[in-house]
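Listing of final_25.tsv, TSV, C-alpha atoms
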chain	number	residue	atom	x	y	z
A	273	MET	CA	8.65	2.13	55.28
A	274	GLU	CA	10.79	5.28	55.13
A	275	GLN	CA	8.78	8.49	54.89
A	276	GLN	CA	9.40	10.57	51.76
A	277	ILE	CA	10.74	14.04	52.43
A	278	LEU	CA	9.72	16.75	49.92
A	279	SER	CA	10.91	20.28	49.42
A	280	ILE	CA	8.50	23.19	49.58
A	281	THR	CA	8.96	23.72	45.85
A	282	GLN	CA	8.03	20.09	45.17
A	283	ILE	CA	4.91	20.38	47.34
A	284	ASN	CA	3.77	23.60	45.65
A	285	GLU	CA	4.44	22.17	42.18
A	286	TYR	CA	2.51	19.00	43.09
A	287	ILE	CA	-0.48	21.02	44.28
A	288	ARG	CA	-0.33	23.21	41.15
A	289	THR	CA	-0.30	20.12	38.92
A	290	LYS	CA	-3.32	18.72	40.72
A	291	MET	CA	-5.24	21.98	40.40
A	292	ASP	CA	-4.33	22.42	36.75
A	293	ALA	CA	-5.63	18.94	36.02
A	294	ASP	CA	-9.02	19.70	37.58
A	295	PRO	CA	-11.44	20.57	34.73
A	296	LEU	CA	-13.63	22.61	37.03
A	297	LEU	CA	-10.71	24.87	38.00
A	298	SER	CA	-9.27	25.08	34.47
A	299	GLY	CA	-12.22	27.02	33.05
A	300	ILE	CA	-14.16	28.75	35.75
A	301	ALA	CA	-16.34	31.86	36.08
A	302	VAL	CA	-16.38	33.59	39.45
A	303	ARG	CA	-18.80	36.30	40.59
A	304	GLY	CA	-17.59	38.81	43.12
A	305	GLU	CA	-16.76	42.40	44.06
A	306	ILE	CA	-13.42	43.95	43.13
A	307	SER	CA	-11.14	45.28	45.83
A	308	ASN	CA	-7.45	46.31	46.01
A	309	TYR	CA	-7.36	46.79	42.24
A	310	LYS	CA	-3.89	47.78	40.99
A	311	VAL	CA	-2.31	48.12	37.55
A	312	TYR	CA	1.47	47.75	37.62
A	313	PRO	CA	3.91	49.37	35.16
A	314	SER	CA	4.30	45.95	33.53
A	315	GLY	CA	0.68	46.20	32.38
A	316	HIS	CA	-0.50	43.31	34.59
A	317	HIS	CA	-3.65	43.82	36.70
A	318	TYR	CA	-3.81	42.51	40.28
A	319	PHE	CA	-6.96	42.55	42.40
A	320	THR	CA	-9.07	40.61	44.91
A	321	LEU	CA	-12.57	39.27	44.38
A	322	LYS	CA	-14.66	39.04	47.50
A	323	ASP	CA	-18.16	38.22	48.66
A	324	GLU	CA	-19.74	38.33	52.08
A	325	GLY	CA	-17.81	35.31	53.34
A	326	ALA	CA	-14.45	34.99	51.54
A	327	ALA	CA	-11.85	36.57	49.22
A	328	LEU	CA	-9.88	35.31	46.21
A	329	ARG	CA	-6.65	36.74	44.86
A	330	CYS	CA	-6.70	37.38	41.08
A	331	VAL	CA	-4.28	38.42	38.36
A	332	MET	CA	-4.96	39.45	34.76
A	333	PHE	CA	-1.87	39.64	32.58
A	334	LYS	CA	-1.23	42.48	30.16
A	335	GLY	CA	-2.22	40.58	27.01
A	336	ASN	CA	-5.66	39.74	28.37
A	337	ALA	CA	-6.14	43.11	30.06
A	338	SER	CA	-5.63	44.92	26.75
A	339	HIS	CA	-8.97	43.51	25.56
A	340	LEU	CA	-11.01	44.99	28.43
A	341	ARG	CA	-13.90	47.12	27.21
A	342	TYR	CA	-13.87	49.20	30.39
A	343	ARG	CA	-11.56	49.98	33.27
A	344	PRO	CA	-12.37	47.90	36.35
A	345	ASP	CA	-12.49	49.68	39.68
A	346	ASN	CA	-12.87	48.87	43.37
A	347	GLY	CA	-16.42	48.04	44.38
A	348	MET	CA	-17.40	46.93	40.87
A	349	LYS	CA	-19.30	43.64	40.73
A	350	ILE	CA	-18.04	41.43	37.93
A	351	ILE	CA	-17.90	37.92	36.60
A	352	ALA	CA	-14.28	36.89	36.08
A	353	MET	CA	-13.34	34.01	33.75
A	354	GLY	CA	-10.11	32.07	33.94
A	355	LYS	CA	-8.48	29.22	35.84
A	356	ILE	CA	-7.49	28.58	39.45
A	357	SER	CA	-3.87	27.60	39.95
A	358	VAL	CA	-1.02	27.89	42.43
A	359	PHE	CA	1.81	30.41	42.27
A	360	PRO	CA	4.63	28.07	43.39
A	361	ARG	CA	6.89	30.79	44.74
A	362	ASP	CA	4.36	31.96	47.36
A	363	GLY	CA	2.44	28.73	47.74
A	364	ALA	CA	-0.79	30.68	47.28
A	365	TYR	CA	-3.57	29.83	44.86
A	366	GLN	CA	-5.21	32.54	42.77
A	367	LEU	CA	-7.48	33.11	39.81
A	368	TYR	CA	-5.62	33.69	36.56
A	369	CYS	CA	-8.22	35.88	34.91
A	370	THR	CA	-8.46	35.84	31.10
A	371	ALA	CA	-11.64	37.90	30.75
A	372	MET	CA	-14.16	39.73	32.87
A	373	ALA	CA	-17.64	41.17	32.42
A	374	MET	CA	-19.73	43.42	34.54
A	375	ASP	CA	-22.29	41.37	36.42
A	376	GLY	CA	-25.57	41.52	34.53
A	377	ILE	CA	-24.24	41.34	30.95
A	378	GLY	CA	-22.80	37.89	31.15
A	379	ASP	CA	-24.94	36.42	28.38
A	380	LEU	CA	-23.90	39.04	25.83
A	381	TYR	CA	-20.29	38.73	26.81
A	382	ALA	CA	-20.38	34.96	26.54
A	383	ALA	CA	-21.93	35.25	23.07
A	384	PHE	CA	-19.26	37.77	22.10
A	385	GLU	CA	-16.42	35.52	23.28
A	386	GLN	CA	-17.94	32.46	21.61
A	387	LEU	CA	-18.28	34.18	18.21
A	388	LYS	CA	-14.85	35.76	18.56
A	389	ALA	CA	-13.22	32.37	19.17
A	390	GLN	CA	-15.15	30.80	16.28
A	391	LEU	CA	-14.20	33.48	13.73
A	392	ASP	CA	-10.60	33.59	14.94
A	393	ALA	CA	-10.31	29.83	14.43
A	394	GLN	CA	-11.65	30.27	10.89
A	395	GLY	CA	-8.94	32.83	10.08
A	396	LEU	CA	-11.12	35.94	9.78
A	397	PHE	CA	-8.76	37.88	12.05
A	398	ASP	CA	-5.51	36.87	10.31
A	399	ALA	CA	-3.18	39.77	9.60
A	400	SER	CA	-2.31	38.21	6.23
A	401	HIS	CA	-5.86	38.99	5.05
A	402	LYS	CA	-5.67	42.68	5.95
A	403	LYS	CA	-5.66	44.96	2.91
A	404	GLN	CA	-3.48	48.04	2.55
A	405	LEU	CA	-5.42	51.29	2.79
A	406	PRO	CA	-5.09	53.66	-0.19
A	407	ARG	CA	-2.78	56.54	0.60
A	408	TYR	CA	-4.81	59.14	-1.27
A	409	PRO	CA	-8.40	57.84	-1.56
A	410	GLY	CA	-10.45	59.57	-4.23
A	411	VAL	CA	-13.80	58.37	-2.83
A	412	ILE	CA	-14.55	57.40	0.77
A	413	GLY	CA	-17.75	55.57	1.61
A	414	ILE	CA	-19.22	55.92	5.11
A	415	VAL	CA	-21.59	53.19	6.30
A	416	THR	CA	-23.39	54.62	9.33
A	417	SER	CA	-26.52	56.36	10.47
A	418	SER	CA	-27.24	59.64	8.70
A	419	ALA	CA	-28.87	61.00	11.86
A	420	GLY	CA	-25.99	60.41	14.27
A	421	ALA	CA	-23.36	62.89	15.40
A	422	ALA	CA	-20.59	60.55	14.26
A	423	VAL	CA	-21.19	61.15	10.54
A	424	HIS	CA	-21.03	64.93	10.98
A	425	ASP	CA	-17.77	64.63	12.91
A	426	MET	CA	-16.28	62.48	10.16
A	427	LEU	CA	-17.42	64.83	7.38
A	428	ARG	CA	-15.98	67.82	9.21
A	429	ILE	CA	-12.61	66.16	9.72
A	430	LEU	CA	-12.43	64.81	6.15
A	431	ARG	CA	-13.18	68.26	4.69
A	432	LYS	CA	-10.55	69.85	6.91
A	433	ARG	CA	-7.80	67.29	6.42
A	434	TYR	CA	-8.20	66.36	2.76
A	435	PRO	CA	-10.85	68.29	0.79
A	436	LEU	CA	-9.79	66.56	-2.46
A	437	THR	CA	-11.58	63.34	-1.49
A	438	HIS	CA	-15.24	62.76	-2.34
A	439	VAL	CA	-17.48	61.29	0.38
A	440	ARG	CA	-20.38	58.91	-0.26
A	441	LEU	CA	-22.78	58.22	2.59
A	442	PHE	CA	-24.49	54.83	2.80
A	443	PRO	CA	-27.19	55.50	5.45
A	444	VAL	CA	-28.09	52.48	7.56
A	445	ARG	CA	-29.53	51.73	10.95
A	446	VAL	CA	-26.75	50.99	13.41
A	447	GLN	CA	-28.74	49.36	16.22
A	448	GLY	CA	-31.73	47.11	16.50
A	449	ALA	CA	-32.69	43.84	14.86
A	450	GLU	CA	-32.66	45.31	11.31
A	451	ALA	CA	-29.27	46.96	11.61
A	452	PRO	CA	-26.96	44.00	10.73
A	453	ALA	CA	-28.78	43.26	7.46
A	454	GLU	CA	-28.65	46.92	6.40
A	455	ILE	CA	-24.94	47.22	7.21
A	456	VAL	CA	-24.22	44.05	5.25
A	457	GLY	CA	-26.28	45.30	2.31
A	458	ALA	CA	-24.46	48.64	2.19
A	459	ILE	CA	-21.01	46.98	2.23
A	460	ARG	CA	-21.96	44.55	-0.55
A	461	TYR	CA	-23.62	47.28	-2.63
A	462	ALA	CA	-20.49	49.46	-2.45
A	463	ASN	CA	-18.34	46.50	-3.50
A	464	ARG	CA	-20.62	45.35	-6.32
A	465	TYR	CA	-20.50	48.74	-8.07
A	466	ARG	CA	-17.08	49.78	-6.79
A	467	LEU	CA	-18.46	52.99	-5.34
A	468	ALA	CA	-15.53	53.82	-3.05
A	469	ASP	CA	-11.79	53.38	-2.64
A	470	LEU	CA	-12.18	53.04	1.13
A	471	LEU	CA	-15.08	52.31	3.48
A	472	ILE	CA	-15.56	53.50	7.06
A	473	VAL	CA	-18.06	51.30	8.91
A	474	GLY	CA	-19.21	52.27	12.38
A	475	ARG	CA	-21.17	54.48	14.73
A	476	GLY	CA	-20.82	56.59	17.85
A	477	GLY	CA	-20.62	55.31	21.39
A	478	GLY	CA	-23.27	53.51	23.37
A	479	SER	CA	-23.94	50.55	25.60
A	480	ILE	CA	-22.95	47.04	24.63
A	481	GLU	CA	-26.53	46.46	23.51
A	482	ASP	CA	-26.38	49.57	21.29
A	483	LEU	CA	-23.17	48.37	19.63
A	484	TRP	CA	-24.28	44.76	19.25
A	485	ALA	CA	-25.00	45.03	15.51
A	486	PHE	CA	-21.24	45.19	14.99
A	487	ASN	CA	-20.84	41.91	16.87
A	488	ASP	CA	-23.11	40.16	14.37
A	489	GLU	CA	-21.54	37.31	12.39
A	490	ARG	CA	-23.15	38.50	9.13
A	491	VAL	CA	-21.49	41.90	9.46
A	492	ALA	CA	-18.15	40.28	10.28
A	493	ARG	CA	-18.27	38.08	7.17
A	494	ALA	CA	-19.32	40.99	4.93
A	495	ILE	CA	-16.32	42.99	6.14
A	496	TYR	CA	-14.04	39.98	5.60
A	497	ASP	CA	-15.36	39.44	2.05
A	498	SER	CA	-15.10	43.12	1.07
A	499	GLU	CA	-12.64	43.87	-1.73
A	500	ILE	CA	-12.67	47.52	-0.66
A	501	PRO	CA	-10.46	48.17	2.40
A	502	ILE	CA	-12.53	48.86	5.53
A	503	ILE	CA	-11.85	50.89	8.66
A	504	SER	CA	-13.96	49.83	11.64
A	505	ALA	CA	-15.00	52.81	13.80
A	506	VAL	CA	-17.37	51.65	16.51
A	507	GLY	CA	-18.04	53.52	19.74
A	508	HIS	CA	-15.39	55.04	21.94
A	509	GLU	CA	-11.78	53.96	22.50
A	510	PRO	CA	-12.48	51.25	25.15
A	511	ASP	CA	-15.24	49.68	23.04
A	512	VAL	CA	-14.20	46.59	21.09
A	513	THR	CA	-16.47	44.70	18.68
A	514	ILE	CA	-16.08	41.74	16.33
A	515	SER	CA	-15.99	44.20	13.42
A	516	ASP	CA	-12.79	45.70	14.85
A	517	PHE	CA	-11.02	42.34	14.65
A	518	VAL	CA	-12.13	41.59	11.09
A	519	ALA	CA	-11.62	45.03	9.53
A	520	ASP	CA	-8.41	46.01	7.78
A	521	LEU	CA	-7.86	48.74	10.38
A	522	ARG	CA	-9.50	49.55	13.69
A	523	ALA	CA	-10.08	53.17	14.69
A	524	ALA	CA	-10.64	54.15	18.30
A	525	THR	CA	-13.56	56.44	17.35
A	526	PRO	CA	-15.34	57.59	14.17
A	527	SER	CA	-13.36	60.84	14.32
A	528	ASN	CA	-10.15	58.86	14.55
A	529	ALA	CA	-11.26	56.82	11.52
A	530	ALA	CA	-11.57	60.01	9.47
A	531	GLU	CA	-8.07	61.01	10.55
A	532	LEU	CA	-6.66	57.59	9.60
A	533	ALA	CA	-8.48	57.51	6.25
A	534	VAL	CA	-6.86	60.54	4.65
A	535	PRO	CA	-3.59	62.46	4.89
A	536	ASP	CA	-3.46	65.90	6.46
A	537	GLN	CA	-3.40	68.58	3.76
A	538	GLU	CA	-1.20	70.81	5.94
A	539	ALA	CA	1.34	68.01	6.32
A	540	LEU	CA	1.16	67.35	2.58
A	541	GLN	CA	1.71	71.05	1.90
A	542	GLN	CA	4.78	70.98	4.11
A	543	VAL	CA	6.09	67.95	2.20
A	544	LEU	CA	5.41	69.66	-1.14
A	545	ASP	CA	7.12	72.83	0.11
A	546	SER	CA	10.16	70.81	1.17
A	547	TYR	CA	10.23	69.10	-2.26
A	548	SER	CA	9.91	72.49	-3.96
A	549	ALA	CA	12.74	73.92	-1.86
A	550	ALA	CA	14.90	70.90	-2.58
A	551	MET	CA	14.23	71.19	-6.33
A	552	ALA	CA	15.02	74.90	-6.27
A	553	THR	CA	18.25	74.26	-4.38
A	554	SER	CA	19.21	71.53	-6.83
A	555	LEU	CA	18.42	73.75	-9.81
A	556	LEU	CA	20.46	76.63	-8.39
A	557	ARG	CA	23.32	74.22	-7.73
A	558	GLN	CA	23.20	73.04	-11.35
A	559	ILE	CA	23.08	76.63	-12.64
A	560	LYS	CA	26.05	77.57	-10.47
A	561	ALA	CA	28.02	74.54	-11.69
A	562	GLY	CA	27.13	75.44	-15.29
A	563	ARG	CA	28.32	78.99	-14.81
A	564	GLN	CA	31.58	77.80	-13.32
A	565	HIS	CA	32.08	75.44	-16.25
A	566	LEU	CA	31.28	78.23	-18.73
A	567	LYS	CA	33.74	80.56	-17.00
A	568	ALA	CA	36.42	77.88	-17.12
A	569	LEU	CA	35.83	77.52	-20.86
A	570	MET	CA	35.93	81.28	-21.37
A	571	ASP	CA	39.21	81.50	-19.48
A	572	SER	CA	40.78	78.63	-21.40
A	573	PRO	CA	43.75	79.49	-23.75
A	574	ALA	CA	41.90	78.07	-26.75
A	575	LEU	CA	39.22	80.77	-26.50
A	576	CYS	CA	41.35	83.60	-25.15
A	577	SER	CA	44.10	83.21	-27.80
A	578	PRO	CA	43.47	80.68	-30.59
A	579	THR	CA	47.00	81.15	-32.07
A	580	GLY	CA	48.50	80.73	-28.64
A	581	TYR	CA	46.53	77.56	-28.19
A	582	LEU	CA	47.73	76.26	-31.58
A	583	GLU	CA	51.31	77.15	-30.66
A	584	GLN	CA	50.91	75.30	-27.41
A	585	ARG	CA	49.59	72.26	-29.28
A	586	ARG	CA	52.47	72.56	-31.81
A	587	GLN	CA	55.00	72.59	-29.01
A	588	SER	CA	53.34	69.53	-27.52
A	589	VAL	CA	53.49	67.73	-30.88
A	590	LEU	CA	57.14	68.73	-31.31
A	591	LEU	CA	57.96	67.46	-27.85
A	592	LEU	CA	56.26	64.16	-28.63
A	593	LYS	CA	58.15	63.97	-31.93
A	594	ASN	CA	61.51	64.54	-30.23
A	595	ARG	CA	60.69	61.93	-27.64
A	596	LEU	CA	59.76	59.44	-30.36
A	597	VAL	CA	62.91	60.16	-32.38
A	598	SER	CA	65.08	59.87	-29.28
A	599	ALA	CA	63.42	56.61	-28.37
A	600	GLN	CA	63.93	55.32	-31.92
A	601	VAL	CA	67.62	56.29	-31.94
A	602	GLN	CA	68.16	54.63	-28.59
A	603	GLY	CA	66.42	51.54	-29.86
A	604	VAL	CA	68.56	51.40	-33.02
A	605	GLU	CA	71.70	51.89	-30.93
A	606	ARG	CA	70.73	49.03	-28.64
A	607	LYS	CA	70.10	46.80	-31.64
A	608	ARG	CA	73.47	47.81	-33.18
A	609	ARG	CA	75.36	46.92	-30.01
A	610	VAL	CA	73.64	43.58	-29.88
A	611	PHE	CA	74.49	42.99	-33.55
A	612	VAL	CA	78.17	43.85	-32.97
A	613	GLU	CA	78.33	41.54	-29.97
A	614	GLN	CA	76.71	38.68	-31.86
A	615	THR	CA	78.99	39.29	-34.91
A	616	ALA	CA	82.09	39.16	-32.72
A	617	LYS	CA	80.94	35.89	-31.22
A	618	LEU	CA	80.29	34.41	-34.66
A	619	ASP	CA	83.66	35.66	-35.96
A	620	ALA	CA	85.43	34.09	-33.01
A	621	MET	CA	83.77	30.78	-33.71
A	622	SER	CA	84.34	30.91	-37.51
A	623	PRO	CA	86.72	28.26	-38.93
A	624	LEU	CA	88.15	30.90	-41.24
A	625	LYS	CA	89.49	32.64	-38.19
A	626	VAL	CA	91.73	29.61	-37.54
A	627	LEU	CA	93.19	29.85	-41.01
A	628	THR	CA	94.73	33.24	-40.23
A	629	ARG	CA	96.93	31.50	-37.68
A	630	GLY	CA	98.68	29.33	-40.42
A	631	TYR	CA	96.24	26.44	-40.61
A	632	ALA	CA	94.65	25.15	-43.85
A	633	MET	CA	91.42	23.29	-44.61
A	634	ALA	CA	91.41	20.42	-47.12
A	635	GLN	CA	88.26	19.49	-49.02
A	636	LYS	CA	87.42	16.85	-51.54
A	637	LYS	CA	86.24	17.82	-54.97
A	638	ASP	CA	82.59	17.62	-53.82
A	639	GLY	CA	83.33	20.01	-50.93
A	640	THR	CA	83.57	17.44	-48.15
A	641	VAL	CA	86.02	18.54	-45.48
A	642	LEU	CA	88.83	16.03	-45.00
A	643	ARG	CA	89.21	14.86	-41.44
A	644	SER	CA	91.02	11.54	-42.07
A	645	VAL	CA	93.53	10.18	-44.60
A	646	GLY	CA	91.09	7.38	-45.16
A	647	GLN	CA	88.83	9.77	-47.05
A	648	VAL	CA	91.25	10.11	-50.03
A	649	GLU	CA	93.19	7.96	-52.38
A	650	ILE	CA	96.25	8.62	-54.56
A	651	ALA	CA	95.42	10.75	-57.62
A	652	ASP	CA	92.34	12.32	-55.94
A	653	GLU	CA	91.97	16.01	-56.59
A	654	ILE	CA	91.55	18.10	-53.49
A	655	ALA	CA	91.24	21.79	-52.66
A	656	ILE	CA	93.23	23.42	-49.90
A	657	THR	CA	91.80	26.60	-48.39
A	658	LEU	CA	94.29	29.05	-46.89
A	659	ALA	CA	93.67	32.35	-45.17
A	660	ASP	CA	94.09	34.31	-48.39
A	661	GLY	CA	92.83	31.84	-51.04
A	662	ARG	CA	92.52	28.30	-52.38
A	663	VAL	CA	95.06	25.87	-53.83
A	664	ALA	CA	94.18	22.95	-56.14
A	665	ALA	CA	96.24	19.82	-55.52
A	666	MET	CA	96.48	16.10	-56.35
A	667	VAL	CA	97.15	13.37	-53.81
A	668	THR	CA	100.44	11.67	-54.59
A	669	ASP	CA	100.90	9.78	-51.35
A	670	VAL	CA	98.73	8.74	-48.38
A	671	LYS	CA	100.27	7.83	-45.03
A	672	GLU	CA	98.57	7.26	-41.68
A	673	ASN	CA	100.29	8.29	-38.45
A	674	GLY	CA	102.65	5.66	-37.11
A	675	LYS	CA	103.12	3.93	-40.49
Once more with this new file: its structure as C-alpha cells, please.
Amino acid sequence: MEQQILSITQINEYIRTKMDADPLLSGIAVRGEISNYKVYPSGHHYFTLKDEGAALRCVMFKGNASHLRYRPDNGMKIIAMGKISVFPRDGAYQLYCTAMAMDGIGDLYAAFEQLKAQLDAQGLFDASHKKQLPRYPGVIGIVTSSAGAAVHDMLRILRKRYPLTHVRLFPVRVQGAEAPAEIVGAIRYANRYRLADLLIVGRGGGSIEDLWAFNDERVARAIYDSEIPIISAVGHEPDVTISDFVADLRAATPSNAAELAVPDQEALQQVLDSYSAAMATSLLRQIKAGRQHLKALMDSPALCSPTGYLEQRRQSVLLLKNRLVSAQVQGVERKRRVFVEQTAKLDAMSPLKVLTRGYAMAQKKDGTVLRSVGQVEIADEIAITLADGRVAAMVTDVKENGK
C-alpha cells in the first residue's frame, strides 16, 4: 500500500479540525498566571498563561477584549474562557480567549455571562429597541443613592451645563439584597406618573459585588420596559453591567451621564449668537438691497421727469405704430403681387384670350359649346362669340370633314 504524503498545511488543518471537534477544547476555562501580556495596535491582546509546570499561548481578539472590566497585567492570576485550537500557519496550538475573570470571582462572572447571554437572546439588547434621548429635557430623574458622591457630581454638572432643566431625585439603595427591588420600584413609579423626560440610573464605582444590583434581571427588565429613555451610569469607565447593555445609552461614569443628558449652555449660547449674527447679516443685506432698489426707482426717468417719461413712452408707441404700418404695407404689397401673378396666369389660360387671335366660339341656344358638327342640325340657331361681341346665326348646311 502506497503511503499518503501530506503537506504541512494539510497536517495543521487536520489537527485543527480534530481539536475544534473536541467538546472539551471548544468551551474550556483555564486557570493560570499572565505573562508576556501585549496589546497590539490592532486591538488584539496576546499573552501566555502559565503555572508551575507548563505554559499556554493565548490570544484575545479586539471584539472580546473590548468587554474586559479591567486591564489585565503580567503576574495577574485569572481564569480564561475560550477554546483551544491550532493556528495553521505556525502549527502551534493556543487558547482563543473570549472572556477572562480574576481568579476568585469566577462564580459572579459566570452568573453575569449566563444572564447576559439569556437577555441578549431574548432581544433586550437590540439597538432597534433603544429610544432617542430628548434633546432639551425639561425634567431629569436620577435613580441613585442620595448619600453617595455620584448624585452631587451629577447635580453640579447639570446645574452648570443646563440650569433650565429640573432634577427629580428618586433615592434608592444601590447595593445589597434590597437594592434591585428599590431600583425597579423607582423606575416604574417614574413611568407610571410620567415624572421625568429622562432617567439616569446608576451609582459610583465599587467592586463587582458592590455593583451587582445592576446585574440583576429584575432591574434589566424594568429598564427595558421603561417608556422614559434611560441612561445607565454605573461605576467607572471599565465597569460594565447588564444595565449598560439594556439602557438606551451607556455612560462611562455618573458625571459623564450628566454631560450626555443635557446640552452645554455655553455651546447653546454660541449657537444662538451665530444664529443672531446670521439673522442680523441677512437683515442688513435685505435693507441694503431695498435701498438700492429705492435709489433705482428714484433715479428712474418716470420719477425724475414725468413729462419726459411720457414723451419716451409716446416715442415708443409711435415707433411701434410705424413698424406695424410698414409691416401692413409690405403685407398688402406681397398680396398684390401674388394677385397680379395669379391674374396673369388665369388670363393666359382664358378661352377669351384665344378669340383675340381671330378664333370664334360657337354655342348652341342653351349655351353648350359646339365641338362637333354632330351637335347641330340644319335650321338650328347658334351663337358665335368673337373677340369683340356675339353673332346670332342659323345653320344652313352641315358637313363633316372628308365628305
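With distances taken over all atoms listed in the file, A:Gln404 is the one residue among A:Gln404, A:Thr579, A:Thr289, A:Ser546 lying closest to Glu499 in chain A.
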Contacts between range 507-522 of chain A and range 388-476 of chain A, please, where a residue of range 388-476 of chain A counts if it comes within 10 Å (with only C-alpha atoms); show its shortest atom pair and distance in Å to one decimal, rows by chain and ascending number, as JSON lines.
{"residue": "A:Lys388", "atom": "CA", "partner": "A:Ile514", "partner_atom": "CA", "distance": 6.5}
{"residue": "A:Leu391", "atom": "CA", "partner": "A:Val518", "partner_atom": "CA", "distance": 8.8}
{"residue": "A:Asp392", "atom": "CA", "partner": "A:Phe517", "partner_atom": "CA", "distance": 8.8}
{"residue": "A:Gly395", "atom": "CA", "partner": "A:Val518", "partner_atom": "CA", "distance": 9.4}
{"residue": "A:Leu396", "atom": "CA", "partner": "A:Val518", "partner_atom": "CA", "distance": 5.9}
{"residue": "A:Phe397", "atom": "CA", "partner": "A:Val518", "partner_atom": "CA", "distance": 5.1}
{"residue": "A:Asp398", "atom": "CA", "partner": "A:Val518", "partner_atom": "CA", "distance": 8.2}
{"residue": "A:Ala399", "atom": "CA", "partner": "A:Asp520", "partner_atom": "CA", "distance": 8.3}
{"residue": "A:His401", "atom": "CA", "partner": "A:Asp520", "partner_atom": "CA", "distance": 8.0}
{"residue": "A:Lys402", "atom": "CA", "partner": "A:Asp520", "partner_atom": "CA", "distance": 4.7}
{"residue": "A:Lys403", "atom": "CA", "partner": "A:Asp520", "partner_atom": "CA", "distance": 5.7}
{"residue": "A:Gln404", "atom": "CA", "partner": "A:Asp520", "partner_atom": "CA", "distance": 7.5}
{"residue": "A:Leu405", "atom": "CA", "partner": "A:Asp520", "partner_atom": "CA", "distance": 7.9}
{"residue": "A:Ala422", "atom": "CA", "partner": "A:Gly507", "partner_atom": "CA", "distance": 9.3}
{"residue": "A:Ile472", "atom": "CA", "partner": "A:Leu521", "partner_atom": "CA", "distance": 9.6}
{"residue": "A:Val473", "atom": "CA", "partner": "A:Ser515", "partner_atom": "CA", "distance": 8.7}
{"residue": "A:Gly474", "atom": "CA", "partner": "A:Gly507", "partner_atom": "CA", "distance": 7.6}
{"residue": "A:Arg475", "atom": "CA", "partner": "A:Gly507", "partner_atom": "CA", "distance": 6.0}
{"residue": "A:Gly476", "atom": "CA", "partner": "A:Gly507", "partner_atom": "CA", "distance": 4.6}
Next item on the list: Pick out the closest residue to Ala468 in chain A from this set: A:Ala651, A:Ile412, A:Ala665, A:Met426. Count only C-alpha atoms.
Entry: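 Of A:Ala651, A:Ile412, A:Ala665, A:Met426, the one nearest Ala468 in chain A, counting only C-alpha atoms, is A:Ile412.
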Next item on the list: Have a look at A:Val506, A:Asp660, A:Pro578, A:Asn487 and name the one nearest to Gln386 in chain A; count only C-alpha atoms.
Entry: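 Ranked by minimum distance to Gln386 in chain A, first place goes to A:Asn487.
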Notebook entry, point to check: Once you count only C-alpha atoms, which residues end up no further than 6 Å from (-9.9, 49.0, 0.0) in the file's frame, shown as number ranges by chain?
Noted result: A: 405, 469-470, 500-501
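For the atom pair formed by CA of Leu296 in chain A and CA of Ile480 in chain A, the distance is 28.9 Å, given to one decimal.
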Check: Of the candidates A:Ala364, A:Ala492, A:Leu544, A:Ala505, which shows the shortest atom-to-atom distance to Ala529 in chain A, using all atoms listed in the file?
Finding: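 Smallest distance to Ala529 in chain A is found for A:Ala505.
Here the question is which of A:Glu385, A:Leu436, A:Ser498, A:Arg445 gets nearest to Tyr461 in chain A using all atoms listed in the file, and that residue is A:Ser498.
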Next item on the list: Just give me the gap between CA of Asn528 in chain A and CA of Gln447 in chain A in Å, one decimal is fine.
Entry: 20.9 Å
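Across A:Pro535, A:Met374, A:Asp652, A:Ile429, the tightest approach to Gly410 in chain A is made by A:Pro535 when counting all atoms listed in the file.
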Next item on the list: Could you check how far CA of Tyr318 in chain A sits from CA of Met291 in chain A, in Å to one decimal?
Entry: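 Interatomic distance here is 20.6 Å.
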Next item on the list: Using only C-alpha atoms, determine which residues lie at most 10 Å from Leu328 in chain A, disregarding the query and same-chain residues fewer than 3 positions distant; provide the list as a count of residues only.
Entry: 12
Check: Which polymer residues have any atom within 12 Å of an atom of Ile283 in chain A, counting all atoms listed in the file, with same-chain residues fewer than 4 positions away left out, as a list of chain:residue names?
Finding: A:Gln276, A:Ile277, A:Leu278, A:Ser279, A:Ile287, A:Arg288, A:Thr289, A:Lys290, A:Val358, A:Phe359, A:Pro360, A:Arg361, A:Asp362, A:Gly363, A:Ala364
Check: Hey, what's within 8 Å of Ala494 in chain A if we count only C-alpha atoms and toss same-chain stuff fewer than 4 positions away? As a ChimeraX atom specification, please?
Finding: /A:456,459-460,490,498
Output C-alpha atoms of each residue in that selection to a file, as an mmCIF file, keeping the file's coordinate frame.
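Result file is again06.cif:
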data_model
loop_
_atom_site.group_PDB
_atom_site.id
_atom_site.type_symbol
_atom_site.label_atom_id
_atom_site.label_comp_id
_atom_site.auth_asym_id
_atom_site.auth_seq_id
_atom_site.Cartn_x
_atom_site.Cartn_y
_atom_site.Cartn_z
ATOM 1 C CA VAL A 456 -24.220 44.050 5.250
ATOM 2 C CA ILE A 459 -21.010 46.980 2.230
ATOM 3 C CA ARG A 460 -21.960 44.550 -0.550
ATOM 4 C CA ARG A 490 -23.150 38.500 9.130
ATOM 5 C CA SER A 498 -15.100 43.120 1.070
#
Using all atoms of range 545-551 of chain A listed in the file and a margin of 3 Å per side, can you give the axis-aligned box centre and edge lengths in Å to one decimal, as AutoDock Vina command-line options?
--center_x 11.0 --center_y 71.5 --center_z -2.6 --size_x 13.8 --size_y 10.8 --size_z 13.5
